[in-house]
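The next block is structure_10.json, given as JSON, C-alpha atoms.
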```
[["chain", "number", "residue", "atom", "x", "y", "z"],
["K", 1, "MET", "CA", 30.76, 13.54, 12.86],
["K", 2, "GLU", "CA", 32.01, 10.40, 11.19],
["K", 3, "SER", "CA", 31.53, 8.40, 14.36],
["K", 4, "ILE", "CA", 28.00, 9.72, 14.90],
["K", 5, "THR", "CA", 26.82, 8.68, 11.43],
["K", 6, "ASN", "CA", 28.56, 5.36, 11.84],
["K", 7, "ALA", "CA", 26.84, 4.80, 15.16],
["K", 8, "LEU", "CA", 23.47, 5.68, 13.63],
["K", 9, "ALA", "CA", 24.20, 3.35, 10.73],
["K", 10, "ILE", "CA", 25.00, 0.51, 13.10],
["K", 11, "ILE", "CA", 21.89, 1.15, 15.19],
["K", 12, "PHE", "CA", 19.59, 1.17, 12.17],
["K", 13, "VAL", "CA", 21.18, -1.89, 10.58],
["K", 14, "LEU", "CA", 20.87, -3.79, 13.86],
["K", 15, "LEU", "CA", 17.24, -2.74, 14.24],
["K", 16, "GLY", "CA", 16.56, -3.77, 10.67],
["K", 17, "SER", "CA", 18.14, -7.17, 11.20],
["K", 18, "PHE", "CA", 16.14, -7.58, 14.38],
["K", 19, "PHE", "CA", 12.86, -6.91, 12.57],
["K", 20, "MET", "CA", 13.78, -9.24, 9.72],
["K", 21, "LEU", "CA", 14.57, -11.93, 12.26],
["K", 22, "VAL", "CA", 11.23, -11.34, 13.99],
["K", 23, "GLY", "CA", 9.50, -11.53, 10.63],
["K", 24, "SER", "CA", 11.04, -14.91, 9.98],
["K", 25, "ILE", "CA", 10.11, -16.11, 13.47],
["K", 26, "GLY", "CA", 6.59, -14.91, 12.76],
["K", 27, "VAL", "CA", 6.44, -16.95, 9.56],
["K", 28, "VAL", "CA", 7.20, -20.02, 11.67],
["K", 29, "ARG", "CA", 5.06, -19.16, 14.69],
["K", 30, "PHE", "CA", 1.81, -17.87, 13.25],
["K", 31, "PRO", "CA", -0.85, -20.54, 12.86],
["K", 32, "ASP", "CA", -2.00, -20.21, 9.26],
["K", 33, "PHE", "CA", -1.07, -18.87, 5.88],
["K", 34, "TYR", "CA", -2.87, -15.54, 6.15],
["K", 35, "SER", "CA", -1.35, -14.45, 9.42],
["K", 36, "ARG", "CA", 2.01, -15.57, 8.07],
["K", 37, "ALA", "CA", 1.46, -13.24, 5.17],
["K", 38, "HIS", "CA", 1.00, -10.52, 7.78],
["K", 39, "ALA", "CA", 4.36, -11.35, 9.31],
["K", 40, "SER", "CA", 6.26, -11.52, 6.05],
["K", 41, "GLY", "CA", 4.51, -8.55, 4.52],
["K", 42, "LYS", "CA", 4.82, -6.06, 7.34],
["K", 43, "VAL", "CA", 7.61, -6.90, 9.70],
["K", 44, "ASP", "CA", 9.95, -7.71, 6.85],
["K", 45, "THR", "CA", 9.06, -4.46, 5.08],
["K", 46, "LEU", "CA", 9.92, -2.50, 8.19],
["K", 47, "GLY", "CA", 13.12, -4.48, 8.62],
["K", 48, "ILE", "CA", 14.28, -3.87, 5.06],
["K", 49, "LEU", "CA", 13.41, -0.17, 5.31],
["K", 50, "LEU", "CA", 15.38, 0.25, 8.55],
["K", 51, "PHE", "CA", 18.28, -1.69, 7.08],
["K", 52, "ILE", "CA", 18.36, 0.56, 4.03],
["K", 53, "ILE", "CA", 18.17, 3.69, 6.20],
["K", 54, "GLY", "CA", 21.18, 2.41, 8.11],
["K", 55, "LEU", "CA", 23.08, 1.87, 4.86],
["K", 56, "MET", "CA", 22.11, 5.40, 3.79],
["K", 57, "PHE", "CA", 23.65, 6.79, 6.96],
["K", 58, "PHE", "CA", 26.72, 4.70, 6.26],
["K", 59, "SER", "CA", 27.22, 5.99, 2.73],
["K", 60, "GLY", "CA", 26.55, 9.61, 3.60],
["K", 61, "LEU", "CA", 24.77, 12.19, 1.47],
["K", 62, "ASN", "CA", 25.56, 11.23, -2.10],
["K", 63, "LEU", "CA", 24.22, 9.46, -5.14],
["K", 64, "ILE", "CA", 24.47, 6.03, -3.56],
["K", 65, "SER", "CA", 22.14, 6.96, -0.73],
["K", 66, "LEU", "CA", 19.65, 8.34, -3.26],
["K", 67, "LYS", "CA", 19.71, 4.99, -5.05],
["K", 68, "LEU", "CA", 19.18, 3.26, -1.72],
["K", 69, "LEU", "CA", 16.21, 5.56, -1.12],
["K", 70, "LEU", "CA", 14.78, 4.41, -4.46],
["K", 71, "ILE", "CA", 15.12, 0.80, -3.35],
["K", 72, "ALA", "CA", 13.31, 1.64, -0.10],
["K", 73, "VAL", "CA", 10.44, 3.29, -1.96],
["K", 74, "PHE", "CA", 10.03, 0.37, -4.34],
["K", 75, "VAL", "CA", 10.12, -2.15, -1.49],
["K", 76, "ALA", "CA", 7.47, -0.17, 0.39],
["K", 77, "MET", "CA", 5.26, -0.15, -2.71],
["K", 78, "THR", "CA", 5.66, -3.75, -3.86],
["K", 79, "SER", "CA", 5.73, -5.70, -0.62],
["K", 80, "PRO", "CA", 2.04, -5.16, 0.28],
["K", 81, "VAL", "CA", 1.11, -6.05, -3.28],
["K", 82, "ALA", "CA", 3.02, -9.32, -2.97],
["K", 83, "ALA", "CA", 1.33, -10.15, 0.35],
["K", 84, "HIS", "CA", -2.06, -9.33, -1.14],
["K", 85, "ALA", "CA", -1.45, -11.48, -4.23],
["K", 86, "LEU", "CA", -0.40, -14.46, -2.08],
["K", 87, "ALA", "CA", -3.38, -14.13, 0.25],
["K", 88, "ARG", "CA", -5.87, -13.76, -2.57],
["K", 89, "ARG", "CA", -4.58, -16.77, -4.45],
["K", 90, "ALA", "CA", -4.68, -18.83, -1.25],
["K", 91, "LEU", "CA", -8.28, -17.81, -0.62],
["K", 92, "VAL", "CA", -9.39, -18.58, -4.16],
["K", 93, "PHE", "CA", -7.59, -21.92, -3.94],
["K", 94, "GLY", "CA", -9.59, -22.68, -0.81],
["K", 95, "LEU", "CA", -7.18, -22.53, 2.08],
["K", 96, "LYS", "CA", -9.14, -22.30, 5.32],
["K", 97, "PRO", "CA", -8.34, -19.35, 7.57],
["K", 98, "TRP", "CA", -7.34, -20.40, 11.07],
["K", 99, "LYS", "CA", -9.87, -19.52, 13.76],
["K", 100, "LYS", "CA", -9.52, -19.14, 17.46],
["K", 101, "LYS", "CA", -11.17, -22.05, 19.26],
["K", 102, "GLN", "CA", -14.55, -21.20, 20.73],
["K", 103, "GLU", "CA", -14.74, -21.94, 24.44],
["K", 104, "GLU", "CA", -18.19, -23.45, 24.63],
["K", 105, "LYS", "CA", -17.84, -25.82, 21.68],
["B", 1, "MET", "CA", -11.71, 10.98, -21.70],
["B", 2, "ASN", "CA", -15.01, 11.92, -20.23],
["B", 3, "GLN", "CA", -14.53, 12.85, -16.60],
["B", 4, "THR", "CA", -16.59, 11.37, -13.83],
["B", 5, "SER", "CA", -18.55, 14.10, -12.20],
["B", 6, "GLY", "CA", -17.94, 15.02, -8.61],
["B", 7, "PRO", "CA", -16.52, 17.69, -6.38],
["B", 8, "ALA", "CA", -12.87, 18.66, -6.67],
["B", 9, "GLN", "CA", -12.60, 17.22, -10.12],
["B", 10, "VAL", "CA", -12.92, 20.38, -12.11],
["B", 11, "GLN", "CA", -10.18, 20.39, -14.68],
["B", 12, "THR", "CA", -9.65, 23.81, -16.05],
["B", 13, "GLY", "CA", -6.62, 25.55, -17.37],
["B", 14, "PHE", "CA", -3.56, 24.32, -19.14],
["B", 15, "PHE", "CA", -1.57, 23.34, -16.06],
["B", 16, "ARG", "CA", -4.33, 21.32, -14.45],
["B", 17, "LYS", "CA", -5.00, 19.47, -17.64],
["B", 18, "TYR", "CA", -1.42, 18.44, -18.27],
["B", 19, "ARG", "CA", -0.34, 18.25, -14.62],
["B", 20, "GLY", "CA", -0.13, 14.45, -14.66],
["B", 21, "LEU", "CA", 2.14, 14.40, -17.68],
["B", 22, "PHE", "CA", 4.28, 17.13, -16.16],
["B", 23, "PHE", "CA", 4.77, 15.32, -12.86],
["B", 24, "GLN", "CA", 5.42, 12.11, -14.69],
["B", 25, "ALA", "CA", 8.14, 13.73, -16.75],
["B", 26, "VAL", "CA", 9.77, 15.31, -13.68],
["B", 27, "LEU", "CA", 9.77, 12.01, -11.77],
["B", 28, "LEU", "CA", 11.17, 10.08, -14.73],
["B", 29, "MET", "CA", 13.88, 12.67, -15.23],
["B", 30, "ALA", "CA", 14.82, 12.46, -11.55],
["B", 31, "LEU", "CA", 14.96, 8.68, -11.86],
["B", 32, "TRP", "CA", 17.20, 8.97, -14.90],
["B", 33, "LEU", "CA", 19.56, 11.39, -13.15],
["B", 34, "ILE", "CA", 19.78, 9.28, -9.99],
["B", 35, "LEU", "CA", 20.40, 6.06, -11.85],
["B", 36, "SER", "CA", 22.84, 7.44, -14.37],
["B", 37, "GLY", "CA", 24.89, 9.69, -12.10],
["B", 38, "HIS", "CA", 26.23, 11.73, -15.00],
["B", 39, "PHE", "CA", 25.24, 15.36, -15.03],
["B", 40, "ASP", "CA", 26.80, 16.54, -18.30],
["B", 41, "LEU", "CA", 24.77, 17.90, -21.19],
["B", 42, "GLU", "CA", 25.02, 14.83, -23.39],
["B", 43, "HIS", "CA", 23.52, 12.46, -20.85],
["B", 44, "ILE", "CA", 20.83, 14.93, -19.87],
["B", 45, "ILE", "CA", 19.77, 15.25, -23.52],
["B", 46, "TYR", "CA", 19.62, 11.48, -23.87],
["B", 47, "GLY", "CA", 17.59, 11.40, -20.68],
["B", 48, "ALA", "CA", 15.16, 14.04, -21.87],
["B", 49, "LEU", "CA", 14.62, 12.17, -25.12],
["B", 50, "SER", "CA", 13.88, 8.91, -23.32],
["B", 51, "VAL", "CA", 11.57, 10.70, -20.90],
["B", 52, "LEU", "CA", 9.65, 12.17, -23.82],
["B", 53, "LEU", "CA", 9.37, 8.74, -25.42],
["B", 54, "VAL", "CA", 8.07, 7.16, -22.21],
["B", 55, "VAL", "CA", 5.57, 9.96, -21.55],
["B", 56, "TRP", "CA", 4.33, 9.66, -25.13],
["B", 57, "LEU", "CA", 3.90, 5.90, -24.74],
["B", 58, "ASN", "CA", 2.10, 6.44, -21.45],
["B", 59, "THR", "CA", -0.47, 8.87, -22.84],
["B", 60, "SER", "CA", -2.42, 5.99, -24.32],
["B", 61, "ILE", "CA", -2.62, 4.18, -20.97],
["B", 62, "ARG", "CA", -5.87, 5.89, -20.00],
["B", 63, "ARG", "CA", -7.56, 4.63, -23.13],
["B", 64, "ILE", "CA", -6.89, 0.97, -22.36],
["B", 65, "PRO", "CA", -9.66, -0.54, -20.21],
["B", 66, "LEU", "CA", -8.87, -2.54, -17.10],
["B", 67, "ARG", "CA", -9.94, -6.17, -16.89],
["B", 68, "ASN", "CA", -13.33, -5.30, -15.43],
["B", 69, "GLY", "CA", -14.01, -2.77, -18.15],
["B", 70, "GLU", "CA", -13.35, 0.33, -16.07],
["B", 71, "TYR", "CA", -11.04, 3.07, -17.19],
["B", 72, "LEU", "CA", -8.39, 4.89, -15.24],
["B", 73, "THR", "CA", -10.34, 8.09, -15.30],
["B", 74, "GLY", "CA", -8.36, 11.20, -14.72],
["B", 75, "SER", "CA", -9.76, 12.68, -11.57],
["B", 76, "CYS", "CA", -7.43, 15.18, -10.04],
["B", 77, "ILE", "CA", -5.57, 14.14, -6.93],
["B", 78, "ILE", "CA", -4.80, 16.92, -4.47],
["B", 79, "THR", "CA", -1.04, 17.10, -4.41],
["B", 80, "HIS", "CA", -0.19, 18.62, -1.06],
["B", 81, "ARG", "CA", -2.54, 16.19, 0.64],
["B", 82, "LEU", "CA", -0.81, 13.34, -1.17],
["B", 83, "VAL", "CA", 2.53, 14.41, 0.33],
["B", 84, "MET", "CA", 1.03, 14.60, 3.82],
["B", 85, "TYR", "CA", -0.58, 11.22, 3.23],
["B", 86, "LEU", "CA", 2.74, 9.64, 2.30],
["B", 87, "PHE", "CA", 4.31, 10.84, 5.54],
["B", 88, "TRP", "CA", 1.36, 9.47, 7.50],
["B", 89, "LEU", "CA", 1.73, 6.18, 5.61],
["B", 90, "ALA", "CA", 5.42, 5.93, 6.50],
["B", 91, "LEU", "CA", 4.47, 6.34, 10.16],
["B", 92, "GLN", "CA", 1.87, 3.61, 9.74],
["B", 93, "ILE", "CA", 4.46, 1.23, 8.24],
["B", 94, "VAL", "CA", 6.62, 1.64, 11.33],
["B", 95, "LYS", "CA", 3.64, 1.20, 13.66],
["B", 96, "SER", "CA", 2.35, -1.89, 11.91],
["B", 97, "GLY", "CA", 5.78, -3.51, 11.83],
["B", 98, "ILE", "CA", 6.22, -2.97, 15.55],
["B", 99, "PHE", "CA", 2.68, -4.15, 16.25],
["B", 100, "VAL", "CA", 2.98, -7.41, 14.33],
["B", 101, "ALA", "CA", 6.45, -7.96, 15.78],
["B", 102, "TYR", "CA", 4.93, -7.57, 19.25],
["B", 103, "LEU", "CA", 2.24, -10.10, 18.39],
["B", 104, "THR", "CA", 4.88, -12.47, 17.07],
["B", 105, "LEU", "CA", 7.03, -12.32, 20.16],
["B", 106, "HIS", "CA", 4.12, -12.44, 22.60],
["B", 107, "PRO", "CA", 4.29, -15.84, 24.33],
["B", 108, "LYS", "CA", 0.55, -16.53, 24.06],
["B", 109, "MET", "CA", 0.11, -14.89, 20.65],
["B", 110, "PRO", "CA", -3.27, -13.23, 21.33],
["B", 111, "ILE", "CA", -4.63, -13.19, 17.81],
["B", 112, "ASN", "CA", -8.16, -13.73, 16.62],
["B", 113, "PRO", "CA", -8.09, -13.62, 12.84],
["B", 114, "MET", "CA", -11.20, -12.79, 10.88],
["B", 115, "ILE", "CA", -12.17, -11.87, 7.36],
["B", 116, "VAL", "CA", -14.34, -8.83, 6.95],
["B", 117, "ARG", "CA", -15.99, -7.37, 3.89],
["B", 118, "PHE", "CA", -17.01, -3.78, 3.44],
["B", 119, "LYS", "CA", -18.19, -1.49, 0.69],
["B", 120, "SER", "CA", -16.35, 1.64, -0.20],
["B", 121, "ASP", "CA", -17.46, 4.65, -2.19],
["B", 122, "LEU", "CA", -14.12, 5.78, -3.49],
["B", 123, "PRO", "CA", -14.36, 7.47, -6.86],
["B", 124, "ASN", "CA", -11.96, 5.58, -9.12],
["B", 125, "PRO", "CA", -9.77, 2.46, -9.41],
["B", 126, "LEU", "CA", -6.57, 4.27, -8.50],
["B", 127, "ALA", "CA", -8.04, 5.44, -5.20],
["B", 128, "LYS", "CA", -9.06, 1.86, -4.47],
["B", 129, "VAL", "CA", -5.55, 0.66, -5.16],
["B", 130, "ILE", "CA", -4.17, 3.31, -2.83],
["B", 131, "LEU", "CA", -6.62, 2.27, -0.13],
["B", 132, "GLY", "CA", -5.87, -1.41, -0.60],
["B", 133, "ASN", "CA", -2.15, -0.86, -0.35],
["B", 134, "SER", "CA", -2.61, 1.35, 2.70],
["B", 135, "ILE", "CA", -4.80, -1.24, 4.41],
["B", 136, "THR", "CA", -2.05, -3.79, 3.96],
["B", 137, "LEU", "CA", 0.51, -1.41, 5.37],
["B", 138, "THR", "CA", -1.45, -0.41, 8.46],
["B", 139, "PRO", "CA", -1.39, -2.47, 11.67],
["B", 140, "GLY", "CA", -2.90, -5.93, 11.57],
["B", 141, "THR", "CA", -4.90, -5.77, 8.36],
["B", 142, "LEU", "CA", -4.28, -7.32, 4.96],
["B", 143, "THR", "CA", -6.27, -6.68, 1.80],
["B", 144, "VAL", "CA", -7.24, -9.99, 0.27],
["B", 145, "ASP", "CA", -9.34, -8.84, -2.64],
["B", 146, "ILE", "CA", -11.06, -5.86, -4.21],
["B", 147, "LYS", "CA", -14.10, -6.69, -6.28],
["B", 148, "GLY", "CA", -16.00, -3.77, -7.69],
["B", 149, "SER", "CA", -16.46, -1.54, -4.68],
["B", 150, "PHE", "CA", -16.19, -4.36, -2.14],
["B", 151, "PHE", "CA", -13.03, -4.86, -0.13],
["B", 152, "ILE", "CA", -12.24, -8.18, 1.50],
["B", 153, "VAL", "CA", -9.79, -7.73, 4.34],
["B", 154, "HIS", "CA", -8.09, -10.17, 6.67],
["B", 155, "ALA", "CA", -7.65, -8.71, 10.14],
["B", 156, "LEU", "CA", -5.54, -10.16, 12.93],
["B", 157, "LEU", "CA", -7.41, -8.75, 15.92],
["B", 158, "ASP", "CA", -10.87, -7.52, 16.84],
["B", 159, "GLU", "CA", -9.50, -4.07, 17.56],
["B", 160, "THR", "CA", -7.78, -3.76, 14.20],
["B", 161, "GLU", "CA", -10.99, -4.79, 12.48],
["B", 162, "GLU", "CA", -12.97, -2.18, 14.39],
["B", 163, "GLU", "CA", -10.41, 0.47, 13.58],
["B", 164, "LEU", "CA", -10.59, -0.46, 9.93],
["B", 165, "VAL", "CA", -14.35, -0.36, 9.60],
["B", 166, "SER", "CA", -14.53, 2.95, 11.43],
["B", 167, "GLY", "CA", -13.55, 4.29, 8.02],
["B", 168, "GLU", "CA", -10.92, 6.70, 9.21],
["B", 169, "MET", "CA", -8.31, 5.62, 6.74],
["B", 170, "GLU", "CA", -10.77, 5.46, 3.92],
["B", 171, "ALA", "CA", -11.74, 9.02, 4.66],
["B", 172, "ARG", "CA", -8.08, 9.94, 4.46],
["B", 173, "VAL", "CA", -7.86, 8.40, 1.00],
["B", 174, "GLY", "CA", -11.12, 10.10, 0.09],
["B", 175, "ARG", "CA", -9.74, 13.46, 1.11],
["B", 176, "LEU", "CA", -7.05, 13.02, -1.52],
["B", 177, "TYR", "CA", -9.80, 13.47, -4.08],
["B", 178, "TYR", "CA", -12.64, 15.33, -2.40],
["B", 179, "ASP", "CA", -12.63, 18.52, -0.41],
["B", 180, "HIS", "CA", -14.58, 17.10, 2.48],
["B", 181, "CYS", "CA", -14.82, 13.53, 3.53],
["B", 182, "THR", "CA", -15.85, 12.23, 6.90],
["B", 183, "PRO", "CA", -15.42, 8.69, 8.23],
["B", 184, "GLU", "CA", -19.18, 8.34, 8.64],
["B", 185, "GLN", "CA", -19.83, 8.39, 4.91],
["B", 186, "MET", "CA", -17.32, 5.69, 4.16],
["B", 187, "CYS", "CA", -17.18, 2.00, 4.91],
["B", 188, "THR", "CA", -20.78, 0.90, 4.56],
["B", 189, "ASP", "CA", -22.25, -2.57, 4.32],
["B", 190, "ILE", "CA", -19.86, -4.19, 6.77],
["B", 191, "HIS", "CA", -20.07, -7.93, 7.02],
["B", 192, "ILE", "CA", -17.84, -10.42, 8.80],
["B", 193, "LEU", "CA", -17.40, -13.52, 6.72],
["B", 194, "ASN", "CA", -17.26, -16.56, 8.92],
["B", 195, "ASP", "CA", -17.36, -19.24, 6.31],
["B", 196, "LEU", "CA", -14.74, -20.00, 3.73],
["B", 197, "ARG", "CA", -17.36, -20.89, 1.16],
["B", 198, "GLU", "CA", -19.09, -17.56, 1.65],
["B", 199, "THR", "CA", -15.83, -15.71, 1.14],
["B", 200, "ARG", "CA", -15.02, -17.57, -2.02],
["B", 201, "ASP", "CA", -18.48, -16.91, -3.34],
["B", 202, "HIS", "CA", -17.86, -13.24, -2.80],
["B", 203, "ILE", "CA", -14.60, -13.33, -4.67],
["B", 204, "GLU", "CA", -15.86, -15.36, -7.58],
["B", 205, "ARG", "CA", -19.25, -13.74, -7.94],
["B", 206, "GLY", "CA", -17.95, -10.23, -7.61],
["B", 207, "GLU", "CA", -20.25, -7.29, -7.70],
["B", 208, "LYS", "CA", -23.90, -8.05, -7.32]]
```
Please, can you express the file's structure as structure tokens?
Amino acid sequence: MESITNALAIIFVLLGSFFMLVGSIGVVRFPDFYSRAHASGKVDTLGILLFIIGLMFFSGLNLISLKLLLIAVFVAMTSPVAAHALARRALVFGLKPWKKKQEEK
Amino acid sequence: MNQTSGPAQVQTGFFRKYRGLFFQAVLLMALWLILSGHFDLEHIIYGALSVLLVVWLNTSIRRIPLRNGEYLTGSCIITHRLVMYLFWLALQIVKSGIFVAYLTLHPKMPINPMIVRFKSDLPNPLAKVILGNSITLTPGTLTVDIKGSFFIVHALLDETEEELVSGEMEARVGRLYYDHCTPEQMCTDIHILNDLRETRDHIERGEK
């Protein structure tokens, strides 16, 4: 039983780290600020959630995992708000959204 | 507070009237217990006192207007649908993370970003906040601004934009408040904003 939960914990933590890494790569690779906000706002959220689920498996069913669950809930609620606030401020400031090049022009 | 009229907002009976306060107290008490970790009588009494204080402070929150002069009117959310909605939202978080990760790792990065504006008929500010947050959490869309009943959304792909303006998600949020809500009623006045100046005008001018 111990080994199963440990294995699950390792799988989830690895998945979470993978998604956080992809989120960071996305911040570098995407062409403009708004699509970067997509990368940081969504992929990172998923990464952090998976990471926390892995830690919950690791700590077992006790008070610590409940606290971790609280962290997960708050991250899931605040991260889209942060992405939205950044994007809105950028738009009001006048940052041009990147557009795909039209073929004929 | 005077209630906005509409279906599924009848507030009768003691429980329905004070349901919000009751849930608030239960959630705060759970938070207290989780964070404190002591389950003896003394700590629980301290917790109950602080919960009462916070609930009492929060009762005045509905009487404070928001920046645009609206009030957080107390229309009744349908609780079991809210629970189902949260599960659906968790699924959407996973889907959107995987989707954007796929786009990130795709060698050619097939994105075609656009900014779209649509009008929504959701009943109150809280529902709009729920919808805005959900839009950000679902695949490939990001809420940029909510002005009045207009939503300005940045979408990564044509398909995500079409899925958004089909109004399916908005109908889901609507069904938290109304008995019946179909995607066809929602999401009217769709307009793709091509120009930055146009978009900024929309944000700064607000509701017409």
Starting from chain K, keep only residues with some atom at most 6 Å from an atom of chain B, counting all atoms listed in the file, and report them as a PyMOL selection string. chain K and resi 26+42-43+46+80+84+87-88+100
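If all atoms listed in the file are the atoms counted, then among K:Tyr34, K:Val13, K:Gly23, K:Asn6 the closest residue to Lys96 in chain K is K:Tyr34.
Between CA of Trp98 in chain K and CA of Pro31 in chain K there is a distance of 6.7 Å.
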What's around Ala48 in chain B at 7 Å? Count only C-alpha atoms, leave out sequence neighbours fewer than 4 positions away in its own chain, and write the answer as a list in words. Met29, Ile44 and Leu52 of chain B
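For Glu2 in chain K, the residues within 12 Å (counting all atoms listed in the file, excluding itself and residues fewer than 2 positions away along the chain) are K:Ile4, K:Thr5, K:Asn6, K:Ala7, K:Leu8, K:Ala9, K:Phe57, K:Phe58, K:Ser59, K:Gly60.
Checking K:Val73, K:Leu86, K:Met56, K:Val92 one by one against Ala37 in chain K, counting only C-alpha atoms, you find the shortest gap at K:Leu86.
Note that the spacing between CA of Ala72 in chain K and CA of Ile52 in chain K amounts to 6.6 Å.
Once Val173 in chain B and its same-chain neighbours fewer than 5 positions away are set aside, Ala127, Ile130 and Leu131 of chain B remain within 8 Å of it when counting all atoms listed in the file.
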Just how far from CA of Phe33 in chain K is CA of Pro97 in chain K, in Å to one decimal? 7.5 Å
